[in-house]
file coords-v1.txt (compact mmCIF, C-alpha atoms)
# COMPACT_ATOMS: atom_id res chain seq x y z
CA MET A 24 32.98 -1.99 5.10
CA ASP A 25 31.28 0.23 7.67
CA LEU A 26 27.65 0.27 6.58
CA SER A 27 25.10 -1.65 4.51
CA ILE A 28 21.68 -0.13 3.83
CA VAL A 29 18.94 -2.44 2.56
CA ILE A 30 16.21 -0.69 0.53
CA PRO A 31 13.14 -2.84 -0.23
CA ALA A 32 11.43 -1.76 -3.44
CA PHE A 33 8.22 -2.87 -5.15
CA ASN A 34 7.08 -1.01 -8.28
CA GLU A 35 9.19 2.01 -7.34
CA GLU A 36 10.41 3.11 -10.78
CA GLN A 37 9.17 6.65 -10.10
CA ARG A 38 11.03 7.06 -6.81
CA ILE A 39 13.84 4.55 -6.35
CA LEU A 40 16.41 6.69 -8.18
CA ILE A 41 15.53 9.68 -6.00
CA THR A 42 16.07 7.52 -2.93
CA LEU A 43 19.38 6.12 -4.18
CA GLU A 44 20.72 9.50 -5.27
CA LYS A 45 19.76 11.34 -2.07
CA THR A 46 21.18 8.55 0.06
CA ARG A 47 24.39 8.21 -1.95
CA SER A 48 24.94 12.00 -2.06
CA PHE A 49 24.61 12.17 1.72
CA LEU A 50 26.97 9.25 2.31
CA GLN A 51 29.56 10.66 -0.09
CA GLN A 52 29.97 13.53 2.36
CA ARG A 53 30.55 11.21 5.32
CA PRO A 54 33.66 9.20 6.26
CA TRP A 55 31.97 5.78 6.25
CA SER A 56 32.50 3.13 3.60
CA TYR A 57 29.14 1.79 2.51
CA GLU A 58 26.97 -0.21 0.14
CA LEU A 59 23.36 0.33 -0.89
CA LEU A 60 21.31 -2.82 -1.47
CA PRO A 61 17.99 -2.08 -3.20
CA VAL A 62 15.96 -5.30 -3.12
CA ASP A 63 13.47 -5.65 -5.94
CA ASP A 64 10.38 -7.53 -4.75
CA GLY A 65 9.15 -8.84 -8.09
CA SER A 66 8.23 -5.43 -9.50
CA ALA A 67 6.00 -5.36 -12.60
CA ASP A 68 7.39 -1.99 -13.74
CA ASN A 69 10.93 -0.87 -14.63
CA THR A 70 12.30 -0.81 -11.07
CA ILE A 71 15.04 -3.36 -11.80
CA ALA A 72 16.11 -1.61 -15.00
CA CYS A 73 16.33 1.73 -13.19
CA ILE A 74 18.46 0.26 -10.40
CA GLU A 75 20.78 -1.65 -12.70
CA GLU A 76 21.36 1.34 -14.96
CA TYR A 77 22.16 3.51 -11.92
CA ALA A 78 24.48 0.83 -10.50
CA LYS A 79 26.61 0.86 -13.68
CA GLU A 80 27.89 4.30 -12.69
CA HIS A 81 27.84 3.73 -8.93
CA PRO A 82 29.47 0.43 -7.91
CA GLU A 83 28.48 0.94 -4.28
CA VAL A 84 24.91 0.13 -5.40
CA ARG A 85 24.10 -3.57 -5.78
CA CYS A 86 20.70 -4.78 -6.96
CA VAL A 87 19.26 -7.77 -5.09
CA LYS A 88 16.33 -9.60 -6.70
CA ASN A 89 13.64 -11.72 -5.05
CA GLY A 90 12.51 -13.09 -8.41
CA LYS A 91 8.86 -12.71 -7.50
CA ASN A 92 6.75 -10.70 -5.08
CA ARG A 93 7.43 -12.00 -1.56
CA GLY A 94 6.70 -9.06 0.75
CA LYS A 95 8.62 -6.34 2.56
CA GLY A 96 9.70 -8.58 5.43
CA TYR A 97 11.15 -11.13 3.03
CA SER A 98 12.90 -8.38 1.04
CA VAL A 99 14.62 -6.91 4.08
CA ARG A 100 15.62 -10.38 5.29
CA HIS A 101 17.07 -11.16 1.85
CA GLY A 102 19.00 -7.89 1.85
CA VAL A 103 20.42 -8.55 5.31
CA GLN A 104 21.67 -11.93 4.11
CA GLU A 105 23.53 -10.20 1.27
CA ALA A 106 24.91 -7.32 3.38
CA GLN A 107 28.62 -7.08 4.18
CA GLY A 108 28.83 -4.06 6.47
CA GLN A 109 29.82 -3.81 10.13
CA TYR A 110 26.45 -2.13 10.65
CA ILE A 111 23.31 -3.18 8.74
CA GLY A 112 20.08 -1.24 8.43
CA PHE A 113 17.12 -0.62 6.20
CA MET A 114 15.10 2.31 4.89
CA ASP A 115 12.07 2.63 2.61
CA GLY A 116 12.39 2.75 -1.16
CA ASP A 117 10.09 5.78 -1.40
CA TYR A 118 12.30 7.87 0.90
CA LYS A 119 9.73 8.50 3.63
CA THR A 120 12.51 8.96 6.19
CA ASP A 121 15.29 11.43 5.42
CA ILE A 122 18.77 9.88 5.43
CA SER A 123 20.13 12.78 7.52
CA SER A 124 19.02 10.91 10.67
CA LEU A 125 21.93 8.56 10.02
CA ASP A 126 24.18 11.17 11.65
CA ASP A 127 22.50 10.22 14.95
CA VAL A 128 22.58 6.48 14.24
CA MET A 129 26.26 5.87 13.57
CA PRO A 130 27.72 7.31 16.82
CA LEU A 131 25.24 5.27 18.87
CA LEU A 132 26.16 2.05 17.08
CA ALA A 133 29.83 2.89 17.55
CA LYS A 134 29.15 3.20 21.29
CA GLY A 135 27.84 -0.36 21.33
CA TRP A 136 24.05 -0.08 21.13
CA ASP A 137 22.62 -3.26 19.63
CA GLY A 138 20.25 -1.28 17.42
CA VAL A 139 19.03 2.24 16.70
CA ILE A 140 15.51 2.83 15.40
CA GLY A 141 13.61 5.84 14.11
CA ASP A 142 10.67 6.93 16.26
CA ARG A 143 8.18 9.41 14.83
CA THR A 144 6.47 9.89 18.20
CA LEU A 145 9.50 11.64 19.70
CA GLY A 146 8.88 15.34 20.17
CA SER A 147 11.82 16.45 18.05
CA SER A 148 10.76 14.41 15.00
CA GLU A 149 9.98 16.59 11.99
CA PHE A 150 7.00 15.95 9.73
CA VAL A 151 7.46 17.35 6.23
CA ILE A 152 4.08 16.01 5.04
CA GLU A 153 1.60 15.07 7.75
CA ARG A 154 -0.60 11.96 7.72
CA ASN A 155 -4.26 12.58 7.02
CA ARG A 156 -6.58 12.21 10.02
CA TYR A 157 -7.86 8.80 8.94
CA ARG A 158 -4.36 7.37 8.71
CA GLN A 159 -3.34 8.99 12.01
CA TRP A 160 -6.36 7.48 13.77
CA GLY A 161 -5.49 4.06 12.37
CA SER A 162 -1.91 4.45 13.56
CA ASP A 163 -3.03 5.37 17.08
CA VAL A 164 -5.32 2.33 17.26
CA PHE A 165 -2.53 0.12 15.98
CA ARG A 166 -0.12 1.33 18.67
CA SER A 167 -2.69 0.65 21.39
CA LEU A 168 -3.18 -2.86 20.01
CA LEU A 169 0.55 -3.52 20.07
CA ARG A 170 0.87 -2.42 23.67
CA SER A 171 -1.96 -4.67 24.83
CA LEU A 172 -1.48 -7.68 22.54
CA MET A 173 2.24 -7.87 21.83
CA GLY A 174 3.87 -6.52 24.98
CA LEU A 175 5.82 -3.82 23.16
CA GLU A 176 5.11 -0.96 25.56
CA GLY A 177 8.66 0.31 25.17
CA PHE A 178 8.26 0.87 21.41
CA ALA A 179 5.80 3.63 20.59
CA ASP A 180 6.59 3.49 16.86
CA THR A 181 7.26 -0.01 15.54
CA GLN A 182 6.64 0.75 11.86
CA CYS A 183 9.10 3.52 11.05
CA GLY A 184 11.16 2.15 8.16
CA PHE A 185 14.49 3.34 9.52
CA LYS A 186 16.25 0.72 11.67
CA PHE A 187 19.95 -0.07 12.04
CA PHE A 188 21.80 -2.82 13.89
CA GLN A 189 25.18 -4.25 14.71
CA CYS A 190 25.98 -6.81 12.01
CA ALA A 191 25.82 -9.82 14.36
CA VAL A 192 22.53 -8.58 15.82
CA ALA A 193 20.94 -8.09 12.38
CA ARG A 194 22.02 -11.51 11.17
CA ASP A 195 20.74 -13.24 14.30
CA LEU A 196 17.37 -11.44 14.41
CA PHE A 197 16.62 -11.84 10.71
CA SER A 198 17.70 -15.48 10.70
CA ARG A 199 14.83 -16.13 13.14
CA GLN A 200 12.31 -13.67 11.68
CA GLN A 201 9.58 -15.42 9.66
CA ILE A 202 6.93 -12.83 8.72
CA ASP A 203 7.20 -11.83 5.06
CA GLY A 204 4.74 -8.92 5.18
CA PHE A 205 4.65 -5.48 6.76
CA MET A 206 4.51 -6.73 10.36
CA PHE A 207 8.08 -8.01 10.24
CA ASP A 208 9.16 -4.94 12.25
CA VAL A 209 6.98 -6.09 15.14
CA GLU A 210 8.49 -9.55 15.01
CA ILE A 211 12.03 -8.15 15.02
CA LEU A 212 11.30 -5.97 18.06
CA MET A 213 9.68 -8.85 19.93
CA LEU A 214 12.73 -11.03 19.27
CA ALA A 215 14.96 -8.19 20.45
CA ASN A 216 12.92 -7.83 23.65
CA LYS A 217 13.11 -11.54 24.38
CA ASN A 218 16.89 -11.45 24.02
CA GLY A 219 17.36 -8.36 26.18
CA LEU A 220 18.91 -6.31 23.38
CA ARG A 221 19.53 -2.59 23.87
CA PHE A 222 17.84 -0.41 21.26
CA GLU A 223 18.05 3.37 21.25
CA LYS A 224 15.37 5.52 19.62
CA ILE A 225 16.03 8.67 17.60
CA PRO A 226 13.81 11.38 16.09
CA VAL A 227 13.48 11.43 12.30
CA LYS A 228 12.50 13.75 9.49
CA TRP A 229 9.52 12.01 7.92
CA SER A 230 7.09 12.54 5.02
CA PHE A 231 3.72 10.83 4.63
CA ASP A 232 3.44 9.18 1.23
CA PRO A 233 0.12 10.17 -0.41
CA ASP A 234 0.76 7.54 -3.11
CA SER A 235 0.69 4.69 -0.60
CA ARG A 236 -0.69 1.49 -2.12
CA PHE A 237 -1.68 -0.02 1.20
CA ASN A 238 -5.28 -1.23 1.08
CA PRO A 239 -6.83 -0.24 4.42
CA VAL A 240 -9.25 -3.21 4.42
CA THR A 241 -7.37 -6.21 3.05
CA GLY A 242 -4.06 -4.87 4.34
CA THR A 243 -5.39 -4.49 7.88
CA ILE A 244 -6.82 -8.02 7.86
CA GLU A 245 -3.48 -9.42 6.67
CA ASN A 246 -1.58 -7.42 9.30
CA LEU A 247 -3.85 -8.62 12.10
CA ARG A 248 -3.38 -12.20 10.94
CA ASP A 249 0.40 -11.75 11.02
CA LEU A 250 0.25 -10.20 14.50
CA VAL A 251 -1.57 -13.29 15.75
CA ARG A 252 1.13 -15.47 14.14
CA ILE A 253 3.89 -13.42 15.75
CA ARG A 254 2.32 -13.66 19.20
CA TRP A 255 1.85 -17.42 18.80
CA MET A 256 5.44 -17.91 17.62
CA HIS A 257 7.35 -15.60 19.95
CA TYR A 258 5.33 -14.24 22.86
call {"tool": "encode", "arguments": {"input": "coords-v1.txt", "output": "structure tokens"}}
result
Amino acid sequence: MDLSIVIPAFNEEQRILITLEKTRSFLQQRPWSYELLPVDDGSADNTIACIEEYAKEHPEVRCVKNGKNRGKGYSVRHGVQEAQGQYIGFMDGDYKTDISSLDDVMPLLAKGWDGVIGDRTLGSSEFVIERNRYRQWGSDVFRSLLRSLMGLEGFADTQCGFKFFQCAVARDLFSRQQIDGFMFDVEILMLANKNGLRFEKIPVKWSFDPDSRFNPVTGTIENLRDLVRIRWMHY
């Protein structure tokens, strides 16, 4: 199998089928064999039922279940463990990043890059729905913090949920990754830096999600706590 795409999902009954259908329709027009691995993170709504009903008609879709809410980092790690493709990546369950960017990813992986990651700061990235000013300010502050605290100057956009890896690279990185929350991307990139891995960055077509359930107060505190843990564990 050429490609496995892990799709973490928590209470995504309204959007997960849109994500699966758009992704599957795109891949059906490409020559790659593939599997889609939506990972349910203990949803309280009908996310699992939606996925399982869709999978009955599309065997390339396989529902992975955490059993209870564990966090995005845990969900992606669980999906990577289940993946069978030569290349393994992940994208968001609410389809923030358009799957069309995969046309740039696959040739780079075939050329031997260890990983290819979406970067919304690249000039050719396309924003379908812009962030509001408050969110943009928070993102700018966060990037400055990462550069000074985590030593990730080479990664202007750590949080874009569109990252793909060689199979062996994904399995190695996620076997050592420990953060279960949103900051798992930072941990993965720090591990990659320490191991001298070669990651290429690509522009993406991206939409801000106005329905985001991220709490700017408690979520920021939790993220800062995880950044301290990551620095202590890996810096």
call {"tool": "residues_around", "arguments": {"input": "coords-v1.txt", "residues": "Ile122 of chain A", "least_positions_apart": "4", "cutoff": "8 Å", "atoms": "all atoms listed in the file", "output": "PyMOL selection string"}}
result
chain A and resi 45-46+49
call {"tool": "residues_near_point", "arguments": {"input": "coords-v1.txt", "point": "(16.6, -3.2, 17.3)", "cutoff": "10 Å", "atoms": "only C-alpha atoms", "output": "MDAnalysis selection string"}}
result
chainID A and resid 112 136:140 186:189 192:193 196 208 211:216 220:224
call {"tool": "residues_around", "arguments": {"input": "coords-v1.txt", "residues": "segment 60-74 of chain A", "least_positions_apart": "4", "cutoff": "8 Å", "atoms": "only C-alpha atoms", "output": "PyMOL selection string"}}
result
chain A and resi 27-36+39-40+78+84-95+98-99+101-102+106+116
call {"tool": "atom_distance", "arguments": {"input": "coords-v1.txt", "atom1": "atom CA of Gly204 of chain A", "atom2": "atom CA of Glu58 of chain A"}}
result
24.4 Å
call {"tool": "residues_near_point", "arguments": {"input": "coords-v1.txt", "point": "(11.3, 10.2, 22.0)", "cutoff": "8 Å", "atoms": "all atoms listed in the file", "output": "list in words"}}
result
Asp142, Arg143, Thr144, Leu145, Gly146, Ser147, Lys224, Ile225 and Pro226 of chain A
call {"tool": "closest_residue", "arguments": {"input": "coords-v1.txt", "among": "A:Gly184, A:Leu125, A:Ile41, A:Leu175", "to": "Lys217 of chain A", "atoms": "only C-alpha atoms"}}
result
A:Leu175
call {"tool": "atom_distance", "arguments": {"input": "coords-v1.txt", "atom1": "atom CA of Ile111 of chain A", "atom2": "atom CA of Arg38 of chain A"}}
result
22.3 Å
call {"tool": "atom_distance", "arguments": {"input": "coords-v1.txt", "atom1": "atom CA of Thr42 of chain A", "atom2": "atom CA of Ser148 of chain A"}}
result
19.9 Å
call {"tool": "closest_residue", "arguments": {"input": "coords-v1.txt", "among": "A:Gln51, A:Thr120, A:Gln109, A:Asn246", "to": "Asp203 of chain A", "atoms": "all atoms listed in the file"}}
result
A:Asn246
call {"tool": "closest_residue", "arguments": {"input": "coords-v1.txt", "among": "A:Arg248, A:Arg47, A:Lys119, A:Arg100", "to": "Asp232 of chain A", "atoms": "only C-alpha atoms"}}
result
A:Lys119
call {"tool": "closest_residue", "arguments": {"input": "coords-v1.txt", "among": "A:Met206, A:Val227, A:Leu26, A:Met173", "to": "Gly242 of chain A", "atoms": "all atoms listed in the file"}}
result
A:Met206
